[in-house]
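Coordinates from target06.cif are shown below (mmCIF, C-alpha atoms; chains and numbers go by the auth columns).
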data_start
#
loop_
_atom_site.group_PDB
_atom_site.id
_atom_site.type_symbol
_atom_site.label_atom_id
_atom_site.label_comp_id
_atom_site.label_asym_id
_atom_site.label_seq_id
_atom_site.Cartn_x
_atom_site.Cartn_y
_atom_site.Cartn_z
_atom_site.B_iso_or_equiv
_atom_site.auth_seq_id
_atom_site.auth_asym_id
ATOM 1 C CA MET A 1 18.856 -14.323 -24.140 0.00 2 X
ATOM 2 C CA ARG A 2 16.080 -12.386 -25.821 0.00 3 X
ATOM 3 C CA SER A 3 15.275 -9.115 -24.090 0.00 4 X
ATOM 4 C CA CYS A 4 12.059 -8.778 -22.120 0.00 5 X
ATOM 5 C CA HIS A 5 10.752 -5.269 -21.486 0.00 6 X
ATOM 6 C CA ARG A 6 7.367 -5.968 -19.963 0.00 7 X
ATOM 7 C CA ILE A 7 6.486 -5.662 -16.311 0.00 8 X
ATOM 8 C CA LEU A 8 5.743 -9.276 -15.590 0.00 9 X
ATOM 9 C CA CYS A 9 7.774 -11.289 -18.006 0.00 10 X
ATOM 10 C CA LEU A 10 9.593 -14.133 -16.330 0.00 11 X
ATOM 11 C CA LEU A 11 10.798 -12.618 -13.067 0.00 12 X
ATOM 12 C CA ALA A 12 13.707 -13.828 -11.018 0.00 13 X
ATOM 13 C CA LEU A 13 13.046 -17.207 -9.475 0.00 14 X
ATOM 14 C CA LEU A 14 13.605 -16.810 -5.754 0.00 15 X
ATOM 15 C CA PRO A 15 13.430 -19.963 -3.634 0.00 16 X
ATOM 16 C CA MET A 16 14.510 -18.175 -0.439 0.00 17 X
ATOM 17 C CA GLY A 17 16.974 -19.992 1.753 0.00 18 X
ATOM 18 C CA LEU A 18 19.001 -21.432 -1.132 0.00 19 X
ATOM 19 C CA GLU A 19 22.431 -20.028 -1.832 0.00 20 X
ATOM 20 C CA ALA A 20 21.922 -20.699 -5.517 0.00 21 X
ATOM 21 C CA GLY A 21 18.693 -21.115 -7.398 0.00 22 X
ATOM 22 C CA PRO A 22 17.324 -21.777 -10.851 0.00 23 X
ATOM 23 C CA LYS A 23 18.348 -19.106 -13.337 0.00 24 X
ATOM 24 C CA VAL A 24 16.587 -17.851 -16.415 0.00 25 X
ATOM 25 C CA THR A 25 18.139 -19.161 -19.605 0.00 26 X
ATOM 26 C CA ASP A 26 15.515 -18.141 -22.136 0.00 27 X
ATOM 27 C CA GLN A 27 12.503 -15.836 -22.248 0.00 28 X
ATOM 28 C CA ASP A 28 9.669 -15.578 -24.716 0.00 29 X
ATOM 29 C CA GLU A 29 8.066 -12.225 -25.386 0.00 30 X
ATOM 30 C CA ILE A 30 4.338 -12.745 -25.368 0.00 31 X
ATOM 31 C CA VAL A 31 3.454 -9.082 -24.832 0.00 32 X
ATOM 32 C CA THR A 32 6.000 -6.841 -26.530 0.00 33 X
ATOM 33 C CA GLY A 33 6.911 -3.266 -25.675 0.00 34 X
ATOM 34 C CA LYS A 34 5.911 -1.230 -22.653 0.00 35 X
ATOM 35 C CA LEU A 35 2.628 -1.911 -20.925 0.00 36 X
ATOM 36 C CA PRO A 36 0.245 0.987 -20.338 0.00 37 X
ATOM 37 C CA LYS A 37 0.134 1.968 -16.686 0.00 38 X
ATOM 38 C CA PRO A 38 -2.868 0.095 -15.250 0.00 39 X
ATOM 39 C CA ALA A 39 -5.778 1.824 -13.562 0.00 40 X
ATOM 40 C CA HIS A 40 -5.785 -1.048 -11.070 0.00 41 X
ATOM 41 C CA ILE A 41 -3.366 -3.720 -9.918 0.00 42 X
ATOM 42 C CA TRP A 42 -5.648 -6.435 -8.557 0.00 43 X
ATOM 43 C CA VAL A 43 -4.205 -8.904 -6.061 0.00 44 X
ATOM 44 C CA TYR A 44 -6.304 -11.978 -5.356 0.00 45 X
ATOM 45 C CA ASP A 45 -6.128 -13.954 -2.124 0.00 46 X
ATOM 46 C CA PHE A 46 -3.481 -16.636 -2.509 0.00 47 X
ATOM 47 C CA GLY A 47 -5.118 -19.997 -3.187 0.00 48 X
ATOM 48 C CA ALA A 48 -4.776 -22.658 -0.493 0.00 49 X
ATOM 49 C CA THR A 49 -6.686 -25.619 -1.964 0.00 50 X
ATOM 50 C CA PRO A 50 -6.986 -27.180 -5.435 0.00 51 X
ATOM 51 C CA ALA A 51 -10.494 -25.702 -5.668 0.00 52 X
ATOM 52 C CA ASP A 52 -9.001 -22.202 -5.333 0.00 53 X
ATOM 53 C CA VAL A 53 -6.970 -22.550 -8.549 0.00 54 X
ATOM 54 C CA PRO A 54 -8.690 -20.910 -11.578 0.00 55 X
ATOM 55 C CA ALA A 55 -8.678 -22.428 -15.043 0.00 56 X
ATOM 56 C CA GLU A 56 -6.207 -19.878 -16.451 0.00 57 X
ATOM 57 C CA SER A 57 -3.562 -20.744 -13.862 0.00 58 X
ATOM 58 C CA ALA A 58 -0.474 -22.745 -14.774 0.00 59 X
ATOM 59 C CA LEU A 59 -1.338 -24.880 -11.741 0.00 60 X
ATOM 60 C CA ALA A 60 -4.801 -25.854 -13.006 0.00 61 X
ATOM 61 C CA SER A 61 -3.727 -29.257 -14.288 0.00 62 X
ATOM 62 C CA ALA A 62 -1.909 -30.134 -11.056 0.00 63 X
ATOM 63 C CA ALA A 63 -4.907 -28.987 -9.021 0.00 64 X
ATOM 64 C CA GLN A 64 -7.292 -31.197 -10.978 0.00 65 X
ATOM 65 C CA LYS A 65 -5.153 -34.272 -10.284 0.00 66 X
ATOM 66 C CA GLN A 66 -4.726 -33.631 -6.556 0.00 67 X
ATOM 67 C CA GLN A 67 -6.779 -35.730 -4.175 0.00 68 X
ATOM 68 C CA PRO A 68 -8.744 -33.811 -1.485 0.00 69 X
ATOM 69 C CA THR A 69 -6.833 -34.790 1.669 0.00 70 X
ATOM 70 C CA GLN A 70 -6.704 -31.500 3.577 0.00 71 X
ATOM 71 C CA THR A 71 -8.525 -31.143 6.887 0.00 72 X
ATOM 72 C CA GLN A 72 -10.917 -28.265 7.486 0.00 73 X
ATOM 73 C CA GLN A 73 -8.378 -26.720 9.858 0.00 74 X
ATOM 74 C CA GLN A 74 -5.639 -26.903 7.245 0.00 75 X
ATOM 75 C CA ILE A 75 -7.917 -25.317 4.666 0.00 76 X
ATOM 76 C CA ALA A 76 -8.887 -22.524 7.060 0.00 77 X
ATOM 77 C CA THR A 77 -5.255 -21.887 8.024 0.00 78 X
ATOM 78 C CA GLY A 78 -4.100 -21.857 4.416 0.00 79 X
ATOM 79 C CA ARG A 79 -6.804 -19.459 3.319 0.00 80 X
ATOM 80 C CA LYS A 80 -6.063 -17.179 6.238 0.00 81 X
ATOM 81 C CA LEU A 81 -2.413 -17.078 5.248 0.00 82 X
ATOM 82 C CA GLY A 82 -3.371 -16.555 1.601 0.00 83 X
ATOM 83 C CA THR A 83 -5.595 -13.606 2.484 0.00 84 X
ATOM 84 C CA GLU A 84 -2.914 -12.073 4.693 0.00 85 X
ATOM 85 C CA ILE A 85 -0.275 -12.338 1.948 0.00 86 X
ATOM 86 C CA ALA A 86 -2.575 -10.639 -0.562 0.00 87 X
ATOM 87 C CA SER A 87 -3.455 -7.892 1.917 0.00 88 X
ATOM 88 C CA GLU A 88 0.193 -7.215 2.738 0.00 89 X
ATOM 89 C CA LEU A 89 1.184 -7.236 -0.932 0.00 90 X
ATOM 90 C CA VAL A 90 -1.524 -4.677 -1.719 0.00 91 X
ATOM 91 C CA LYS A 91 -0.094 -2.410 1.002 0.00 92 X
ATOM 92 C CA LYS A 92 3.379 -2.765 -0.492 0.00 93 X
ATOM 93 C CA ILE A 93 2.116 -1.880 -3.979 0.00 94 X
ATOM 94 C CA GLN A 94 0.176 1.104 -2.654 0.00 95 X
ATOM 95 C CA GLY A 95 3.299 2.189 -0.788 0.00 96 X
ATOM 96 C CA MET A 96 5.032 2.457 -4.168 0.00 97 X
ATOM 97 C CA GLY A 97 2.355 4.951 -5.246 0.00 98 X
ATOM 98 C CA LEU A 98 0.540 2.493 -7.492 0.00 99 X
ATOM 99 C CA PRO A 99 -3.188 1.579 -7.505 0.00 100 X
ATOM 100 C CA GLY A 100 -3.033 -1.760 -5.705 0.00 101 X
ATOM 101 C CA ALA A 101 -6.312 -3.289 -4.539 0.00 102 X
ATOM 102 C CA GLN A 102 -7.396 -6.602 -3.066 0.00 103 X
ATOM 103 C CA ALA A 103 -9.718 -8.455 -5.422 0.00 104 X
ATOM 104 C CA ASN A 104 -12.606 -10.777 -4.658 0.00 105 X
ATOM 105 C CA ALA A 105 -14.995 -13.012 -6.580 0.00 106 X
ATOM 106 C CA ASP A 106 -17.040 -9.996 -7.722 0.00 107 X
ATOM 107 C CA THR A 107 -14.077 -8.000 -9.034 0.00 108 X
ATOM 108 C CA LYS A 108 -14.254 -7.241 -12.754 0.00 109 X
ATOM 109 C CA PRO A 109 -10.832 -6.091 -14.014 0.00 110 X
ATOM 110 C CA GLU A 110 -10.887 -3.438 -16.730 0.00 111 X
ATOM 111 C CA ILE A 111 -8.860 -3.462 -19.945 0.00 112 X
ATOM 112 C CA ASP A 112 -5.106 -3.131 -19.213 0.00 113 X
ATOM 113 C CA ASP A 113 -5.562 -3.835 -15.500 0.00 114 X
ATOM 114 C CA LEU A 114 -2.841 -5.979 -13.986 0.00 115 X
ATOM 115 C CA VAL A 115 -3.981 -9.143 -12.188 0.00 116 X
ATOM 116 C CA ILE A 116 -1.719 -10.903 -9.703 0.00 117 X
ATOM 117 C CA ARG A 117 -2.643 -14.359 -8.465 0.00 118 X
ATOM 118 C CA GLY A 118 -0.713 -16.557 -6.086 0.00 119 X
ATOM 119 C CA HIS A 119 -1.022 -20.061 -4.683 0.00 120 X
ATOM 120 C CA LEU A 120 0.478 -21.807 -1.682 0.00 121 X
ATOM 121 C CA VAL A 121 2.296 -24.882 -2.965 0.00 122 X
ATOM 122 C CA SER A 122 4.537 -27.681 -1.798 0.00 123 X
ATOM 123 C CA PHE A 123 6.017 -30.720 -3.483 0.00 124 X
ATOM 124 C CA SER A 124 5.441 -34.407 -2.958 0.00 125 X
ATOM 125 C CA GLU A 125 8.382 -36.346 -1.543 0.00 126 X
ATOM 126 C CA GLY A 126 9.507 -39.932 -1.908 0.00 127 X
ATOM 127 C CA SER A 127 8.826 -40.423 -5.601 0.00 128 X
ATOM 128 C CA GLU A 128 10.972 -40.112 -8.698 0.00 129 X
ATOM 129 C CA LYS A 129 8.486 -37.767 -10.315 0.00 130 X
ATOM 130 C CA LYS A 130 7.865 -34.747 -8.097 0.00 131 X
ATOM 131 C CA ARG A 131 4.321 -33.435 -8.020 0.00 132 X
ATOM 132 C CA VAL A 132 3.197 -29.916 -7.257 0.00 133 X
ATOM 133 C CA LEU A 133 0.665 -29.903 -4.426 0.00 134 X
ATOM 134 C CA ILE A 134 -1.530 -27.010 -3.324 0.00 135 X
ATOM 135 C CA GLY A 135 -1.942 -25.932 0.286 0.00 136 X
ATOM 136 C CA PHE A 136 -1.207 -26.983 3.855 0.00 137 X
ATOM 137 C CA GLY A 137 -0.935 -30.668 4.621 0.00 138 X
ATOM 138 C CA ALA A 138 0.054 -31.439 1.050 0.00 139 X
ATOM 139 C CA GLY A 139 3.643 -32.485 1.662 0.00 140 X
ATOM 140 C CA GLU A 140 6.660 -32.566 3.933 0.00 141 X
ATOM 141 C CA SER A 141 8.543 -29.833 2.095 0.00 142 X
ATOM 142 C CA GLU A 142 8.449 -26.133 2.773 0.00 143 X
ATOM 143 C CA LEU A 143 5.330 -24.261 1.780 0.00 144 X
ATOM 144 C CA GLN A 144 6.012 -21.819 -1.039 0.00 145 X
ATOM 145 C CA ALA A 145 4.114 -19.045 -2.768 0.00 146 X
ATOM 146 C CA ALA A 146 3.920 -19.379 -6.563 0.00 147 X
ATOM 147 C CA VAL A 147 2.917 -16.064 -8.156 0.00 148 X
ATOM 148 C CA GLU A 148 1.348 -15.501 -11.579 0.00 149 X
ATOM 149 C CA GLY A 149 0.737 -12.257 -13.445 0.00 150 X
ATOM 150 C CA PHE A 150 -1.830 -11.429 -16.133 0.00 151 X
ATOM 151 C CA GLN A 151 -3.069 -8.445 -18.105 0.00 152 X
ATOM 152 C CA MET A 152 -6.762 -7.961 -18.821 0.00 153 X
ATOM 153 C CA THR A 153 -7.550 -7.641 -22.518 0.00 154 X
ATOM 154 C CA ASP A 154 -10.798 -7.412 -24.496 0.00 155 X
ATOM 155 C CA GLN A 155 -10.489 -11.176 -24.946 0.00 156 X
ATOM 156 C CA GLY A 156 -9.895 -11.928 -21.262 0.00 157 X
ATOM 157 C CA LEU A 157 -6.792 -12.513 -19.163 0.00 158 X
ATOM 158 C CA ARG A 158 -3.496 -13.226 -20.891 0.00 159 X
ATOM 159 C CA GLN A 159 -0.230 -14.265 -19.351 0.00 160 X
ATOM 160 C CA LEU A 160 2.549 -11.737 -19.623 0.00 161 X
ATOM 161 C CA GLY A 161 5.523 -13.969 -20.226 0.00 162 X
ATOM 162 C CA LYS A 162 7.018 -17.376 -19.940 0.00 163 X
ATOM 163 C CA GLY A 163 10.479 -18.836 -20.107 0.00 164 X
ATOM 164 C CA ASP A 164 12.746 -21.781 -19.631 0.00 165 X
ATOM 165 C CA THR A 165 14.973 -22.131 -16.599 0.00 166 X
ATOM 166 C CA GLU A 166 18.131 -23.976 -15.792 0.00 167 X
ATOM 167 C CA SER A 167 18.607 -25.186 -12.241 0.00 168 X
ATOM 168 C CA THR A 168 21.836 -24.229 -10.490 0.00 169 X
ATOM 169 C CA ALA A 169 20.620 -25.125 -7.015 0.00 170 X
ATOM 170 C CA GLY A 170 22.199 -27.801 -4.900 0.00 171 X
ATOM 171 C CA LYS A 171 20.229 -30.661 -3.464 0.00 172 X
ATOM 172 C CA THR A 172 18.561 -29.134 -0.431 0.00 173 X
ATOM 173 C CA PRO A 173 16.297 -30.961 2.064 0.00 174 X
ATOM 174 C CA GLY A 174 12.661 -29.964 1.684 0.00 175 X
ATOM 175 C CA VAL A 175 13.066 -28.424 -1.770 0.00 176 X
ATOM 176 C CA ALA A 176 12.194 -30.305 -4.948 0.00 177 X
ATOM 177 C CA VAL A 177 14.457 -28.525 -7.429 0.00 178 X
ATOM 178 C CA GLY A 178 13.002 -30.295 -10.459 0.00 179 X
ATOM 179 C CA ALA A 179 9.494 -29.276 -9.475 0.00 180 X
ATOM 180 C CA LEU A 180 10.619 -25.697 -8.929 0.00 181 X
ATOM 181 C CA THR A 181 12.037 -25.646 -12.436 0.00 182 X
ATOM 182 C CA THR A 182 8.873 -27.149 -13.877 0.00 183 X
ATOM 183 C CA ILE A 183 6.545 -24.649 -12.249 0.00 184 X
ATOM 184 C CA ALA A 184 8.814 -21.743 -13.197 0.00 185 X
ATOM 185 C CA THR A 185 8.831 -22.762 -16.828 0.00 186 X
ATOM 186 C CA HIS A 186 5.051 -22.572 -17.001 0.00 187 X
ATOM 187 C CA ASN A 187 4.502 -19.738 -14.543 0.00 188 X
ATOM 188 C CA PRO A 188 3.830 -16.330 -16.156 0.00 189 X
ATOM 189 C CA LEU A 189 5.594 -14.600 -13.277 0.00 190 X
ATOM 190 C CA GLY A 190 8.148 -17.291 -12.712 0.00 191 X
ATOM 191 C CA LEU A 191 8.277 -16.157 -9.085 0.00 192 X
ATOM 192 C CA ILE A 192 8.359 -18.666 -6.256 0.00 193 X
ATOM 193 C CA VAL A 193 9.235 -17.581 -2.717 0.00 194 X
ATOM 194 C CA SER A 194 9.433 -19.453 0.546 0.00 195 X
ATOM 195 C CA THR A 195 6.894 -18.760 3.281 0.00 196 X
ATOM 196 C CA GLY A 196 9.162 -20.215 5.939 0.00 197 X
ATOM 197 C CA ILE A 197 6.469 -22.707 6.933 0.00 198 X
ATOM 198 C CA LYS A 198 6.468 -26.482 6.614 0.00 199 X
ATOM 199 C CA ALA A 199 3.531 -27.616 4.506 0.00 200 X
ATOM 200 C CA HIS A 200 2.365 -30.178 7.062 0.00 201 X
ATOM 201 C CA GLU A 201 2.736 -27.981 10.167 0.00 202 X
ATOM 202 C CA LYS A 202 -0.191 -26.826 12.260 0.00 203 X
ATOM 203 C CA HIS A 203 -0.408 -23.090 12.925 0.00 204 X
ATOM 204 C CA SER A 204 -2.939 -21.651 15.306 0.00 205 X
ATOM 205 C CA GLY A 205 -1.177 -18.413 16.225 0.00 206 X
ATOM 206 C CA SER A 206 -2.413 -15.528 14.106 0.00 207 X
ATOM 207 C CA ASP A 207 0.627 -13.399 14.968 0.00 208 X
ATOM 208 C CA LYS A 208 2.994 -15.975 13.475 0.00 209 X
ATOM 209 C CA LEU A 209 0.899 -16.273 10.319 0.00 210 X
ATOM 210 C CA LYS A 210 0.794 -12.487 9.921 0.00 211 X
ATOM 211 C CA ALA A 211 4.560 -12.292 10.333 0.00 212 X
ATOM 212 C CA ARG A 212 5.052 -14.982 7.680 0.00 213 X
ATOM 213 C CA ALA A 213 2.592 -13.216 5.388 0.00 214 X
ATOM 214 C CA ARG A 214 4.433 -9.905 5.733 0.00 215 X
ATOM 215 C CA ASP A 215 7.769 -11.552 4.992 0.00 216 X
ATOM 216 C CA THR A 216 6.401 -13.391 1.948 0.00 217 X
ATOM 217 C CA ALA A 217 4.708 -10.245 0.596 0.00 218 X
ATOM 218 C CA LYS A 218 7.929 -8.267 0.984 0.00 219 X
ATOM 219 C CA LYS A 219 9.904 -10.813 -1.044 0.00 220 X
ATOM 220 C CA ILE A 220 7.340 -10.594 -3.840 0.00 221 X
ATOM 221 C CA ALA A 221 7.093 -6.795 -3.654 0.00 222 X
ATOM 222 C CA ASP A 222 10.876 -6.378 -3.870 0.00 223 X
ATOM 223 C CA VAL A 223 10.859 -8.100 -7.265 0.00 224 X
ATOM 224 C CA LEU A 224 7.739 -6.285 -8.488 0.00 225 X
ATOM 225 C CA LYS A 225 9.241 -2.933 -7.540 0.00 226 X
ATOM 226 C CA ARG A 226 12.190 -3.467 -9.850 0.00 227 X
ATOM 227 C CA ARG A 227 9.844 -4.346 -12.719 0.00 228 X
ATOM 228 C CA PHE A 228 7.589 -1.353 -12.022 0.00 229 X
ATOM 229 C CA GLU A 229 10.687 0.857 -12.214 0.00 230 X
ATOM 230 C CA GLU A 230 11.710 -0.696 -15.529 0.00 231 X
ATOM 231 C CA GLN A 231 8.252 0.103 -16.907 0.00 232 X
ATOM 232 C CA GLY A 232 8.586 3.722 -15.784 0.00 233 X
ATOM 233 C CA TRP A 233 5.506 3.461 -13.563 0.00 234 X
ATOM 234 C CA ILE A 234 7.555 4.566 -10.555 0.00 235 X
ATOM 235 C CA GLN A 235 10.859 6.345 -10.172 0.00 236 X
ATOM 236 C CA SER A 236 13.998 4.441 -9.267 0.00 237 X
ATOM 237 C CA GLU A 237 15.343 5.291 -5.854 0.00 238 X
#
Output the structure of this file as structure tokens.
Amino acid sequence: MRSCHRILCLLALLPMGLEAGPKVTDQDEIVTGKLPKPAHIWVYDFGATPADVPAESALASAAQKQQPTQTQQQIATGRKLGTEIASELVKKIQGMGLPGAQANADTKPEIDDLVIRGHLVSFSEGSEKKRVLIGFGAGESELQAAVEGFQMTDQGLRQLGKGDTESTAGKTPGVAVGALTTIATHNPLGLIVSTGIKAHEKHSGSDKLKARARDTAKKIADVLKRRFEEQGWIQSE
């Protein structure tokens, strides 16, 4: 395997709840060497509808093909969860002593800033070809958070790594292993974590959503922390 020394090359793929998961078999260095320590690490609210997916995302094509079937309540719930995850992740990054901040539509990242985007996704069931679906109400499988990382350059955002994966996971109800592998292969972060929520479930309790958001953010932050340490941005404990 080629070495990968950047902060957000292909990270470990973590479909929580599986005893074994897809493993990295190859990595391509898109940005070589150490990254300069960013003045800001911008975390955007996690997208909850196809309309929330920006053009530079690896999910853009899937979002364009998805039919708008979500109810207003599902959209509101998904966006609330997406905002909570981003907020909690910012706190985790700040707790590491790094300049984490929650971004919005008016945010203008500076050169070398790190940009973290995430999307709530599930996978269609009952067909030979699994499809990635964005947001609540999009499928029967477990809702997951797919995370992407970018660096701002003078030519705009660029992905920080990509790779190929080989699935070692068993066949598990609610998890489309092939779709996980597909999204990981084209995901700059290669990080997918479970939210512990069924994609079609209704959630009205804010306390439960906040608890799920904290748990999801922690899973993401645990991986980021190891990469921040490798970059020398923070000291290893």
With only C-alpha atoms as the counted atoms, please give the residues lying no more than 9 Å from Asp113 of chain X, apart from itself and same-chain residues fewer than 2 positions off, as a ChimeraX atom specification.
/X:36-41,110-111,115,152-155
Need the shell around Arg213 of chain X: protein/DNA/RNA residues with any atom at most 8 Å away, counting all atoms listed in the file. Skip same-chain ones fewer than 3 positions apart. Format as a JSON list (two decimals) with C-alpha atoms, in the frame of the given file?
[["chain", "number", "residue", "atom", "x", "y", "z"],
["X", 196, "THR", "CA", 6.89, -18.76, 3.28],
["X", 197, "GLY", "CA", 9.16, -20.22, 5.94],
["X", 198, "ILE", "CA", 6.47, -22.71, 6.93],
["X", 209, "LYS", "CA", 2.99, -15.98, 13.48],
["X", 210, "LEU", "CA", 0.90, -16.27, 10.32],
["X", 216, "ASP", "CA", 7.77, -11.55, 4.99],
["X", 217, "THR", "CA", 6.40, -13.39, 1.95]]
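Selection by the PyMOL selection byres ((chain X and resi 97) around 12) on the present file picks out Ile42, Leu90, Val91, Lys92, Lys93, Ile94, Gln95, Gly96, Gly98, Leu99, Pro100, Gly101, Ala222, Asp223, Leu225, Lys226, Arg227, Arg228, Phe229, Glu230, Trp234, Ile235, Gln236, Ser237 and Glu238 of chain X.
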Expansion of the PyMOL selection byres ((chain X and resi 44-51) around 9) into residues, as number ranges by chain
X: 42-43, 52-55, 60-61, 63-69, 71, 75-88, 90-91, 101-106, 115-122, 134-137, 146-148
